[in-house]
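Listing of final_9.txt; format and content: compact mmCIF, C-alpha atoms.
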# COMPACT_ATOMS: atom_id res chain seq x y z
CA MET A 1 -13.16 36.77 -17.09
CA GLY A 2 -16.64 35.40 -16.40
CA GLU A 3 -17.77 36.21 -19.93
CA ALA A 4 -14.73 34.45 -21.37
CA PHE A 5 -15.44 31.39 -19.21
CA GLY A 6 -19.06 31.30 -20.41
CA MET A 7 -17.97 31.55 -24.04
CA ALA A 8 -15.50 28.70 -23.49
CA ILE A 9 -18.25 26.45 -22.10
CA GLY A 10 -20.53 27.37 -24.99
CA SER A 11 -17.83 26.51 -27.50
CA LEU A 12 -17.32 23.09 -25.90
CA ARG A 13 -21.05 22.36 -25.98
CA ALA A 14 -21.29 23.34 -29.64
CA SER A 15 -18.91 20.55 -30.70
CA LYS A 16 -19.19 17.77 -28.11
CA LEU A 17 -17.70 14.94 -30.18
CA ARG A 18 -14.67 16.96 -31.25
CA SER A 19 -14.14 18.10 -27.67
CA PHE A 20 -14.30 14.51 -26.38
CA LEU A 21 -11.86 13.19 -28.97
CA THR A 22 -9.56 16.11 -28.22
CA LEU A 23 -9.65 15.23 -24.52
CA LEU A 24 -8.97 11.52 -24.92
CA GLY A 25 -5.24 11.80 -24.14
CA ILE A 26 -5.90 13.98 -21.08
CA ILE A 27 -8.63 11.61 -19.87
CA LEU A 28 -6.38 8.55 -20.17
CA ALA A 29 -3.48 10.35 -18.49
CA THR A 30 -5.54 11.56 -15.53
CA ALA A 31 -7.34 8.23 -15.07
CA THR A 32 -4.02 6.34 -15.20
CA LEU A 33 -2.34 8.67 -12.71
CA ILE A 34 -5.17 8.53 -10.18
CA ALA A 35 -5.71 4.77 -10.59
CA VAL A 36 -2.02 4.03 -9.95
CA MET A 37 -1.87 6.45 -7.01
CA SER A 38 -5.06 4.89 -5.61
CA VAL A 39 -3.54 1.41 -5.73
CA ILE A 40 -0.29 2.63 -4.15
CA ASN A 41 -2.11 4.58 -1.44
CA GLY A 42 -4.44 1.67 -0.69
CA MET A 43 -1.55 -0.78 -0.50
CA ASN A 44 0.39 1.61 1.77
CA VAL A 45 -2.54 1.73 4.18
CA TYR A 46 -2.95 -2.04 3.93
CA VAL A 47 0.71 -2.71 4.68
CA ALA A 48 0.75 -0.27 7.59
CA GLU A 49 -2.39 -1.74 9.17
CA LYS A 50 -2.07 -5.45 8.49
CA ILE A 51 1.57 -6.30 7.78
CA ALA A 52 3.74 -3.77 9.59
CA ASP A 53 1.65 -3.40 12.74
CA MET A 54 4.14 -4.16 15.52
CA GLY A 55 3.10 -1.16 17.56
CA ALA A 56 5.07 2.02 18.12
CA ASP A 57 7.39 0.30 20.62
CA GLY A 58 7.76 -3.17 19.09
CA PHE A 59 10.40 -4.88 16.96
CA VAL A 60 11.33 -8.40 15.86
CA VAL A 61 14.69 -10.18 15.84
CA VAL A 62 15.01 -12.66 12.96
CA ARG A 63 17.74 -14.72 11.35
CA MET A 64 17.61 -12.59 8.18
CA ALA A 65 15.24 -9.92 6.89
CA PHE A 66 13.87 -10.08 3.34
CA LEU A 67 13.76 -6.32 2.84
CA GLY A 68 15.12 -3.96 0.18
CA ASP A 69 17.53 -5.27 -2.46
CA PHE A 70 17.53 -8.93 -1.50
CA SER A 71 19.00 -11.00 -4.34
CA PRO A 72 19.29 -14.82 -4.37
CA LYS A 73 23.07 -14.43 -4.04
CA LYS A 74 22.69 -12.30 -0.93
CA PHE A 75 20.17 -14.78 0.48
CA LEU A 76 22.66 -17.66 0.12
CA GLU A 77 25.42 -15.55 1.71
CA LEU A 78 23.24 -14.71 4.73
CA LEU A 79 22.07 -18.32 4.95
CA LYS A 80 25.70 -19.37 5.45
CA LYS A 81 26.69 -16.44 7.67
CA ASN A 82 23.66 -16.06 9.94
CA PRO A 83 23.08 -18.97 12.34
CA GLU A 84 19.59 -19.85 13.53
CA LEU A 85 18.30 -18.04 16.57
CA GLY A 86 17.98 -20.42 19.51
CA ILE A 87 16.30 -21.04 22.84
CA GLU A 88 19.51 -20.39 24.78
CA GLU A 89 19.95 -16.98 23.15
CA TYR A 90 16.33 -16.13 23.96
CA GLU A 91 16.83 -17.04 27.62
CA PHE A 92 20.08 -15.05 27.64
CA LEU A 93 18.35 -11.95 26.29
CA ARG A 94 15.38 -12.40 28.60
CA SER A 95 17.61 -12.48 31.67
CA HIS A 96 19.92 -9.60 30.67
CA VAL A 97 17.78 -6.92 28.96
CA THR A 98 16.84 -3.90 31.05
CA LEU A 99 15.04 -1.65 28.55
CA LEU A 100 12.38 -4.10 27.34
CA ARG A 101 8.88 -4.35 28.69
CA ASP A 102 8.73 -7.93 27.43
CA ILE A 103 10.28 -10.34 24.94
CA GLY A 104 8.78 -13.49 23.47
CA MET A 105 9.75 -16.30 21.13
CA ARG A 106 7.93 -17.94 18.23
CA SER A 107 8.39 -20.40 15.39
CA ASN A 108 6.20 -21.37 12.45
CA THR A 109 5.37 -24.27 10.20
CA GLN A 110 2.41 -25.62 8.23
CA ALA A 111 0.46 -28.75 9.09
CA PRO A 112 -2.94 -30.36 8.48
CA VAL A 113 -5.65 -29.73 11.08
CA ASN A 114 -8.69 -31.96 11.51
CA PHE A 115 -11.85 -32.27 13.57
CA GLY A 116 -13.34 -35.72 13.23
CA GLN A 117 -13.54 -36.50 9.54
CA GLN A 118 -13.19 -32.86 8.49
CA ARG A 119 -9.70 -31.81 7.47
CA MET A 120 -7.88 -28.60 6.49
CA GLU A 121 -4.54 -28.84 4.72
CA GLU A 122 -1.59 -26.44 5.12
CA VAL A 123 -2.82 -24.52 8.12
CA ASN A 124 -0.26 -22.08 9.54
CA VAL A 125 0.92 -23.35 12.93
CA THR A 126 2.67 -20.88 15.25
CA GLY A 127 4.40 -21.96 18.42
CA GLY A 128 4.78 -19.06 20.82
CA THR A 129 5.47 -18.05 24.37
CA ALA A 130 2.49 -17.11 26.51
CA ASN A 131 3.12 -13.37 26.06
CA LEU A 132 2.92 -13.54 22.26
CA SER A 133 -0.64 -12.23 22.15
CA VAL A 134 0.53 -9.05 23.91
CA LEU A 135 3.59 -8.63 21.69
CA THR A 136 1.78 -9.16 18.36
CA ASN A 137 -1.53 -8.09 16.89
CA VAL A 138 -3.33 -11.38 17.69
CA GLN A 139 -6.39 -10.66 19.83
CA VAL A 140 -8.66 -13.20 21.51
CA GLU A 141 -12.35 -13.07 20.61
CA THR A 142 -13.66 -15.87 22.83
CA GLY A 143 -11.97 -18.02 25.43
CA ARG A 144 -8.37 -17.18 26.32
CA TYR A 145 -4.73 -17.46 25.28
CA PHE A 146 -2.62 -20.29 26.69
CA THR A 147 -0.72 -19.57 29.91
CA GLU A 148 2.96 -19.72 30.84
CA THR A 149 2.25 -22.74 33.06
CA GLU A 150 0.70 -24.57 30.10
CA ASP A 151 3.75 -23.69 28.01
CA GLU A 152 6.22 -24.90 30.67
CA ASN A 153 4.30 -28.18 31.06
CA HIS A 154 4.06 -28.85 27.29
CA ARG A 155 0.27 -28.79 27.43
CA MET A 156 -1.57 -29.62 24.20
CA VAL A 157 -3.79 -26.53 24.04
CA VAL A 158 -4.52 -24.36 21.02
CA LEU A 159 -5.86 -20.95 19.99
CA ILE A 160 -7.58 -21.19 16.60
CA GLY A 161 -8.07 -18.61 13.87
CA HIS A 162 -11.46 -17.76 12.41
CA ASP A 163 -11.04 -19.89 9.28
CA VAL A 164 -10.55 -22.98 11.46
CA LYS A 165 -13.48 -22.00 13.67
CA ASP A 166 -15.77 -21.41 10.66
CA GLN A 167 -14.76 -24.71 9.05
CA PHE A 168 -15.11 -26.98 12.10
CA PHE A 169 -17.46 -25.10 14.43
CA PRO A 170 -19.73 -22.83 12.34
CA ASN A 171 -22.67 -23.00 14.74
CA THR A 172 -21.18 -24.29 17.99
CA ASP A 173 -18.80 -23.05 20.67
CA PRO A 174 -15.35 -24.59 20.02
CA ILE A 175 -13.99 -23.93 23.52
CA GLY A 176 -13.14 -27.24 25.19
CA LYS A 177 -13.38 -29.23 21.95
CA THR A 178 -10.42 -31.33 20.74
CA ILE A 179 -8.96 -30.92 17.28
CA GLY A 180 -6.04 -32.66 15.61
CA VAL A 181 -2.91 -30.68 14.72
CA ALA A 182 -0.46 -32.76 12.67
CA GLY A 183 -2.38 -35.82 13.89
CA LEU A 184 -2.03 -34.95 17.61
CA PRO A 185 -4.94 -33.98 19.90
CA PHE A 186 -5.12 -30.35 21.07
CA GLN A 187 -7.80 -28.82 23.26
CA VAL A 188 -9.22 -25.50 21.99
CA VAL A 189 -8.91 -22.79 24.66
CA GLY A 190 -9.60 -19.70 22.54
CA VAL A 191 -10.62 -18.22 19.20
CA ALA A 192 -8.75 -15.25 17.73
CA LYS A 193 -10.52 -12.19 16.38
CA LYS A 194 -11.03 -12.14 12.63
CA VAL A 195 -8.13 -10.45 10.82
CA GLY A 196 -9.23 -10.61 7.17
CA SER A 197 -7.00 -11.08 4.15
CA VAL A 198 -3.88 -9.52 2.67
CA PHE A 199 -3.96 -9.35 -1.16
CA GLY A 200 -6.53 -12.15 -1.18
CA GLN A 201 -4.54 -14.38 1.19
CA SER A 202 -6.49 -15.16 4.36
CA GLN A 203 -4.76 -14.23 7.63
CA ASP A 204 -7.20 -16.32 9.71
CA ASN A 205 -6.02 -19.73 8.54
CA PHE A 206 -3.87 -20.45 11.60
CA VAL A 207 -3.58 -22.08 15.00
CA GLN A 208 -1.25 -21.09 17.83
CA ILE A 209 0.15 -23.51 20.40
CA PRO A 210 2.65 -23.25 23.30
CA ILE A 211 6.16 -23.08 21.90
CA ARG A 212 7.49 -25.94 24.02
CA SER A 213 4.74 -28.18 22.67
CA PHE A 214 5.73 -26.95 19.20
CA PHE A 215 9.39 -27.84 19.80
CA LYS A 216 8.37 -31.25 21.14
CA ILE A 217 6.63 -32.04 17.83
CA TRP A 218 8.77 -30.25 15.21
CA GLY A 219 12.07 -29.57 16.97
CA ASN A 220 13.71 -26.25 17.80
CA LYS A 221 15.52 -25.51 14.52
CA ARG A 222 12.68 -23.93 12.55
CA TRP A 223 13.29 -20.22 11.94
CA ILE A 224 12.84 -19.03 15.49
CA SER A 225 12.28 -15.30 15.95
CA TYR A 226 11.99 -13.02 18.98
CA ALA A 227 9.24 -10.43 19.40
CA ALA A 228 10.23 -7.57 21.71
CA GLN A 229 8.62 -4.44 23.09
CA ALA A 230 10.38 -1.45 24.64
CA HIS A 231 9.11 0.20 27.82
CA ASP A 232 8.04 3.26 25.81
CA HIS A 233 8.83 5.00 22.55
CA GLY A 234 11.40 7.20 24.26
CA THR A 235 13.59 4.16 24.93
CA PHE A 236 12.73 2.32 21.70
CA TYR A 237 16.03 2.81 19.89
CA GLN A 238 18.07 2.30 23.07
CA ALA A 239 16.23 -0.99 23.64
CA MET A 240 17.06 -2.13 20.09
CA ASP A 241 20.69 -1.17 20.58
CA GLU A 242 20.77 -3.09 23.86
CA VAL A 243 19.36 -6.24 22.24
CA ARG A 244 21.81 -5.89 19.33
CA ALA A 245 24.78 -5.45 21.68
CA LEU A 246 23.79 -8.42 23.86
CA LEU A 247 23.25 -10.72 20.89
CA ARG A 248 26.53 -9.66 19.24
CA ALA A 249 28.36 -10.32 22.52
CA ARG A 250 26.66 -13.70 22.90
CA ARG A 251 27.68 -14.65 19.35
CA HIS A 252 31.20 -13.19 19.67
CA VAL A 253 30.76 -10.91 16.65
CA ALA A 254 33.95 -8.89 16.14
CA PRO A 255 33.80 -5.08 16.48
CA GLY A 256 33.11 -3.49 13.10
CA ALA A 257 31.74 -6.74 11.62
CA ASP A 258 28.17 -6.87 10.32
CA ASP A 259 25.43 -8.37 12.50
CA ASN A 260 24.72 -12.03 11.79
CA PHE A 261 21.03 -11.50 12.56
CA SER A 262 18.43 -8.84 11.64
CA ILE A 263 16.18 -6.54 13.60
CA VAL A 264 12.94 -5.57 11.88
CA THR A 265 10.62 -2.72 12.84
CA SER A 266 7.40 -1.41 11.31
CA ASP A 267 9.40 1.55 9.99
CA SER A 268 11.90 -0.71 8.22
CA ILE A 269 9.09 -2.64 6.51
CA LEU A 270 7.38 0.58 5.48
CA ASP A 271 10.68 2.04 4.22
CA ALA A 272 11.29 -1.02 2.03
CA TRP A 273 7.70 -0.81 0.80
CA ASP A 274 8.10 2.92 0.05
CA GLN A 275 11.14 2.17 -2.13
CA LEU A 276 9.05 -0.24 -4.19
CA THR A 277 6.05 2.09 -4.50
CA ARG A 278 8.29 5.03 -5.44
CA ALA A 279 9.58 2.97 -8.38
CA LEU A 280 6.01 2.17 -9.41
CA ALA A 281 4.99 5.82 -9.05
CA GLY A 282 7.99 6.91 -11.15
CA THR A 283 6.98 4.52 -13.94
CA ALA A 284 3.40 5.78 -13.78
CA VAL A 285 4.54 9.41 -13.98
CA GLY A 286 6.57 8.58 -17.11
CA ILE A 287 3.54 6.98 -18.80
CA VAL A 288 1.25 9.81 -17.72
CA SER A 289 3.71 12.41 -19.02
CA VAL A 290 3.58 10.87 -22.50
CA PHE A 291 -0.23 10.89 -22.46
CA MET A 292 -0.28 14.48 -21.21
CA VAL A 293 2.11 15.72 -23.93
CA VAL A 294 0.10 13.93 -26.63
CA GLY A 295 -3.12 15.36 -25.21
CA GLY A 296 -1.59 18.83 -25.04
CA VAL A 297 -0.42 18.70 -28.66
CA VAL A 298 -3.90 17.61 -29.77
CA ILE A 299 -5.44 20.49 -27.80
CA MET A 300 -3.04 22.97 -29.45
CA ASN A 301 -3.89 21.66 -32.94
CA ILE A 302 -7.62 21.84 -32.24
CA MET A 303 -7.33 25.34 -30.81
CA LEU A 304 -5.42 26.44 -33.94
CA ALA A 305 -8.27 25.06 -36.03
CA VAL A 306 -10.77 26.90 -33.82
CA VAL A 307 -8.87 30.18 -34.30
CA THR A 308 -9.07 29.67 -38.09
CA GLU A 309 -12.80 28.87 -37.92
CA ARG A 310 -13.56 31.93 -35.79
CA THR A 311 -11.33 34.45 -37.55
CA GLN A 312 -14.29 36.66 -38.54
CA GLU A 313 -15.68 36.49 -34.98
CA ILE A 314 -12.30 37.68 -33.68
CA GLY A 315 -12.30 40.51 -36.24
CA ILE A 316 -15.80 41.62 -35.19
CA ARG A 317 -14.89 41.58 -31.51
CA LYS A 318 -11.76 43.62 -32.14
CA SER A 319 -13.64 46.12 -34.32
CA ILE A 320 -16.11 46.85 -31.50
CA GLY A 321 -13.38 47.40 -28.91
CA ALA A 322 -12.06 44.04 -27.71
CA ARG A 323 -8.42 44.27 -26.67
CA ARG A 324 -5.65 41.80 -27.46
CA GLN A 325 -5.70 40.73 -23.82
CA ASP A 326 -9.43 39.95 -24.04
CA ILE A 327 -8.93 37.68 -27.05
CA LEU A 328 -5.88 36.09 -25.41
CA ASN A 329 -7.81 35.39 -22.19
CA GLN A 330 -10.76 33.93 -24.10
CA PHE A 331 -8.70 31.31 -25.91
CA LEU A 332 -6.49 30.53 -22.92
CA ILE A 333 -9.54 29.96 -20.76
CA GLU A 334 -11.14 27.84 -23.48
CA SER A 335 -8.10 25.56 -23.81
CA SER A 336 -7.75 25.34 -20.00
CA VAL A 337 -11.43 24.51 -19.52
CA LEU A 338 -11.17 21.92 -22.28
CA ALA A 339 -8.26 20.18 -20.55
CA LEU A 340 -9.87 20.64 -17.11
CA MET A 341 -12.98 18.82 -18.29
CA GLY A 342 -10.75 15.98 -19.46
CA GLY A 343 -9.18 15.84 -16.01
CA VAL A 344 -12.60 15.72 -14.34
CA ILE A 345 -13.76 12.91 -16.64
CA GLY A 346 -10.50 11.04 -15.90
CA VAL A 347 -11.15 11.41 -12.15
CA GLY A 348 -14.63 9.97 -12.61
CA ILE A 349 -13.30 6.99 -14.58
CA ALA A 350 -10.62 6.33 -11.95
CA TRP A 351 -13.21 6.55 -9.14
CA VAL A 352 -15.50 4.03 -10.86
CA ALA A 353 -12.51 1.75 -11.51
CA ALA A 354 -11.56 1.94 -7.83
CA LEU A 355 -15.07 0.91 -6.78
CA VAL A 356 -15.09 -2.02 -9.22
CA VAL A 357 -11.62 -3.22 -8.21
CA ARG A 358 -12.38 -3.00 -4.49
CA SER A 359 -15.66 -4.91 -4.98
CA PHE A 360 -14.43 -7.77 -7.14
CA THR A 361 -10.69 -8.18 -6.46
CA PRO A 362 -8.41 -8.36 -3.40
CA VAL A 363 -6.40 -5.34 -4.57
CA PRO A 364 -6.85 -2.49 -2.05
CA MET A 365 -7.58 0.95 -3.50
CA GLU A 366 -7.90 4.24 -1.63
CA LEU A 367 -8.63 7.34 -3.74
CA PRO A 368 -6.29 10.05 -2.33
CA LEU A 369 -7.56 13.62 -2.53
CA THR A 370 -4.03 14.83 -3.28
CA ALA A 371 -3.94 12.66 -6.42
CA VAL A 372 -7.35 13.99 -7.50
CA ALA A 373 -6.21 17.59 -7.01
CA ALA A 374 -2.91 16.89 -8.78
CA GLY A 375 -4.62 15.19 -11.73
CA VAL A 376 -7.13 17.97 -12.27
CA GLY A 377 -4.54 20.70 -11.68
CA ILE A 378 -2.02 19.18 -14.10
CA SER A 379 -4.74 18.81 -16.74
CA ALA A 380 -5.67 22.48 -16.49
CA ALA A 381 -1.98 23.46 -16.58
CA VAL A 382 -1.43 21.39 -19.73
CA GLY A 383 -4.38 23.06 -21.39
CA LEU A 384 -3.07 26.49 -20.38
CA PHE A 385 0.47 25.77 -21.61
CA PHE A 386 -0.48 24.28 -24.96
CA GLY A 387 -3.15 26.95 -25.49
CA ILE A 388 -0.67 29.83 -25.31
CA TYR A 389 0.43 29.69 -28.96
CA PRO A 390 -3.11 29.49 -30.45
CA ALA A 391 -4.28 32.25 -28.08
CA GLN A 392 -1.39 34.52 -29.07
CA ARG A 393 -2.08 33.86 -32.72
CA ALA A 394 -5.72 34.84 -32.25
CA ALA A 395 -4.82 37.95 -30.26
CA ARG A 396 -2.37 39.16 -32.95
CA LEU A 397 -4.85 38.94 -35.85
CA ASP A 398 -5.37 42.20 -37.70
CA PRO A 399 -9.08 43.09 -37.36
CA ILE A 400 -9.42 44.25 -41.00
CA GLU A 401 -7.79 41.09 -42.38
CA ALA A 402 -9.87 38.98 -39.98
CA LEU A 403 -13.12 40.57 -41.23
CA ARG A 404 -12.13 39.81 -44.81
CA ALA A 405 -11.54 36.12 -44.05
CA GLU A 406 -13.93 33.65 -45.68
CA LYS A 407 -16.03 31.40 -43.51

Rendering of file as structure tokens:
Amino acid sequence: MGEAFGMAIGSLRASKLRSFLTLLGIILATATLIAVMSVINGMNVYVAEKIADMGADGFVVVRMAFLGDFSPKKFLELLKKNPELGIEEYEFLRSHVTLLRDIGMRSNTQAPVNFGQQRMEEVNVTGGTANLSVLTNVQVETGRYFTETEDENHRMVVLIGHDVKDQFFPNTDPIGKTIGVAGLPFQVVGVAKKVGSVFGQSQDNFVQIPIRSFFKIWGNKRWISYAAQAHDHGTFYQAMDEVRALLRARRHVAPGADDNFSIVTSDSILDAWDQLTRALAGTAVGIVSVFMVVGGVVIMNIMLAVVTERTQEIGIRKSIGARRQDILNQFLIESSVLALMGGVIGVGIAWVAALVVRSFTPVPMELPLTAVAAGVGISAAVGLFFGIYPAQRAARLDPIEALRAEK
């Protein structure tokens, strides 16, 4: 086996250009497979860490969830059927739930923010209850979050994101300074930790203010949602069922009728994302399969040509005692090694592409070892499969006729 492997490597070295051209289909197939799987894997990690991070025990109640098969027609139907969540419903839930550690309320809009003559347009403004920092992934870097007393008294205080801090206070402490939010003065009480970006969209371009101050400025009919957290993961699903039952009772939803609100968890976001990535992966597999078949056919044709070129060599080997199995193994190993080298080159191309993409674009890429192993393994398998016919043809050659063949 070792001798056959060495002969296969020697044969590849003897005709480098032909070997490379033969491998082109395998190289493209492997590089495409690993590149697509790298993007999907990187985006899965990104979504799990930065979009779907509600914690193991957290969930969100919203008017409608934009997950799965969500057509414009369905959106209009839910817009008519699902009423806005309100303050009264929040207070009702807050006073009746027994399985929640905490529940908070928030609402969002966009508004200009200024400090003196400096101005930022379309900053994300979130109004929230004082427990929102505990219920979401917003963490305070310096200063503090606003308090429940400040919320109840409609105080004009604000927690700012890092983009706002870097724009207005690059070299100074912003705590205690006054900025304008929608033209109204707000005192900065804290700065949130830097979050980064999602697909090139900054997640630090925001300010957060007490929700009652938010309602005072923009009203209380702006896509309110509730953030909730169960006592522990053991009561997570019971807590969701309790919230669902209370809200259905409050809204007088008939038994058997669909909810006129939505409950979103990290798992539901990831499930919807998995459905999308599975479709992308299926498309990629289809493209890769075509490349692999083309590459395999080219390998078979080249190996048939090699058998013809080395007919006398095969005759000599058989005349000095080589068995059919020895000849068969030699050509099978040669075709497998040929395809395997194509897989390795494809892995290298995909790895370089991943580095370039991660350095110069917002697209996240994580090279999964399973995809590397699959790409290389499939390449070798293709070489083995499409090398069977040429190898059998070589093994069946009559030694006398092979020795008579012209070079």

*Suppose you want the space between CA of Asp326 in chain A and CA of Ala395 in chain A; what is it in Å?*
8.0 Å

Can you report as JSON the centre and edge lengths in Å, to one decimal, of an axis-aligned box around the listed atoms of range 115-131 of chain A padded with 3 Å on each side?
{"center_x": -4.0, "center_y": -24.9, "center_z": 15.6, "size_x": 25.0, "size_y": 29.1, "size_z": 27.8}

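The two atoms in question, CA of Val125 in chain A and CA of Lys74 in chain A, are spaced 28.1 Å apart.
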
*Between A:Ala279, A:Val123, A:Phe215, A:Arg155, which is the closest to Ser202 in chain A once you count only C-alpha atoms?*
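Closest residue, counting only C-alpha atoms: A:Val123.
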
*Using only C-alpha atoms, which residues sit within 12 Å of Arg323 in chain A once same-chain residues fewer than 2 positions away are excluded, as a list of chain:residue names?*
A:Ile314, A:Gly315, A:Ile316, A:Arg317, A:Lys318, A:Ser319, A:Ile320, A:Gly321, A:Gln325, A:Asp326, A:Ile327, A:Leu328, A:Asn329, A:Gln330, A:Ala394, A:Ala395, A:Arg396, A:Leu397, A:Asp398, A:Pro399

*asked:* List as number ranges by chain the protein and nucleic acid residues near Val61 in chain A, meaning an atom at most 6 Å away when all atoms listed in the file are counted, but skip any in the same chain fewer than 3 places from it.
replied: A: 225-226, 262-263

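If you count only C-alpha atoms and ignore residues fewer than 5 places along the chain from range 285-295 of chain A, what sits within 6 Å of it is Gly25, Ile26 and Ala29 of chain A.
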